[in-house]
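Some notes on the structure that comes next.
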Amino acid sequence: MRRVSREAAKFGTVGAVGTLVNFLVFNLCVHGFGLAVVRSGVIATVAAIGTNYLGNRHWTYRASDKDGQSRELGRFVFFSGIGLVIENGILALSHYGLGYTSTLADNIAKNVVGVGIASVFRFWSYRTWVFRRQPAGEPVAAGSFPAPADDSPPSGEPRG
């Protein structure tokens, strides 16, 4: 339990930096460049995804298997893409579907509700499928999709 708490705290810190990048790029695109809100949202999310990959790879999940980094990056992009759809789908629903078009409403829909829901999904998918801890002596075959991470301790060891 302690390991998951530390992992969640690091993930949250990286996510906070990514959220700041997301917020700044989104508002720059909308108000500085006059782009449409969903287009701005996608651009901002892509910028945050790049920031988050670097933070998660080199800090949060630095102890994870590094042998298959190209597969890892592919999975990261895949699950981040699902998060992008969640996040910006909520923005589109709020802005175009429900008619909440103010700056405040757009920022709440994207950067509070959308990022919040997408972050829960991302945390689960990154720790389960992307930055999987590789147990010693268990090689993953090239091109295979490893089983989800198992948080249970080896037999005979107490849970921490």
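Residues are referred to by chain and number: the chain letter is A, B, ... according to the order shown in the structure tokens, the number counts from 1 in that chain, and ligands are numbered separately from 1 in the order shown.
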
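Non-sequential neighbours of Val42 of chain A (distance at most 7 Å, separation of 4 or more positions within a chain, only C-alpha atoms) are Val38, Val46, Leu84 and Asn88 of chain A.
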
Once you have the residues from the selection above, write them out as a PDB file, in the first residue's frame, restricted to N, CA, C and O atoms.
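Saved as result_32.pdb:
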```
ATOM      1  N   VAL A  38     -12.056  23.049 -28.996  1.00  0.00           N
ATOM      2  CA  VAL A  38     -11.665  21.639 -29.020  1.00  0.00           C
ATOM      3  C   VAL A  38     -10.311  21.470 -29.697  1.00  0.00           C
ATOM      4  O   VAL A  38      -9.465  20.701 -29.223  1.00  0.00           O
ATOM      5  N   VAL A  46      -1.911  17.282 -26.115  1.00  0.00           N
ATOM      6  CA  VAL A  46      -0.714  16.681 -26.715  1.00  0.00           C
ATOM      7  C   VAL A  46       0.550  17.249 -26.057  1.00  0.00           C
ATOM      8  O   VAL A  46       1.488  16.498 -25.753  1.00  0.00           O
ATOM      9  N   LEU A  84      -7.048  11.614 -23.966  1.00  0.00           N
ATOM     10  CA  LEU A  84      -7.288  12.812 -24.772  1.00  0.00           C
ATOM     11  C   LEU A  84      -8.741  12.867 -25.229  1.00  0.00           C
ATOM     12  O   LEU A  84      -9.383  13.922 -25.157  1.00  0.00           O
ATOM     13  N   ASN A  88     -11.195  15.851 -23.937  1.00  0.00           N
ATOM     14  CA  ASN A  88     -11.714  16.806 -24.909  1.00  0.00           C
ATOM     15  C   ASN A  88     -13.141  16.485 -25.335  1.00  0.00           C
ATOM     16  O   ASN A  88     -13.851  17.358 -25.820  1.00  0.00           O
TER      17      ASN A  88
END
```

What's the 9 Å shell around Gly15 of chain A, counting only C-alpha atoms, without same-chain residues fewer than 5 positions away, as a list in words?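 In the requested format, the answer is Lys10, Leu20, Ala48, Thr51, Asn52, Gly55, Asn56 and Ser119 of chain A.
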
From a DSSP calculation on the backbone, collect every residue of segment 8-42 of chain A in alpha helix (DSSP H) and output the set as a ChimeraX atom specification. /A:8-27,37-42

My list of candidates is A:Gly114, A:Gly12, A:Gly18, A:Gly50. Which is closest to Ala92 of chain A when distances are computed with only C-alpha atoms?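 The answer is A:Gly114, which sits nearest to Ala92 of chain A.
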
Mind giving me the straight-line distance from atom CA of Arg122 of chain A to atom CA of Gln69 of chain A in Å, one decimal?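 Distance reported for this atom pair: 17.9 Å.
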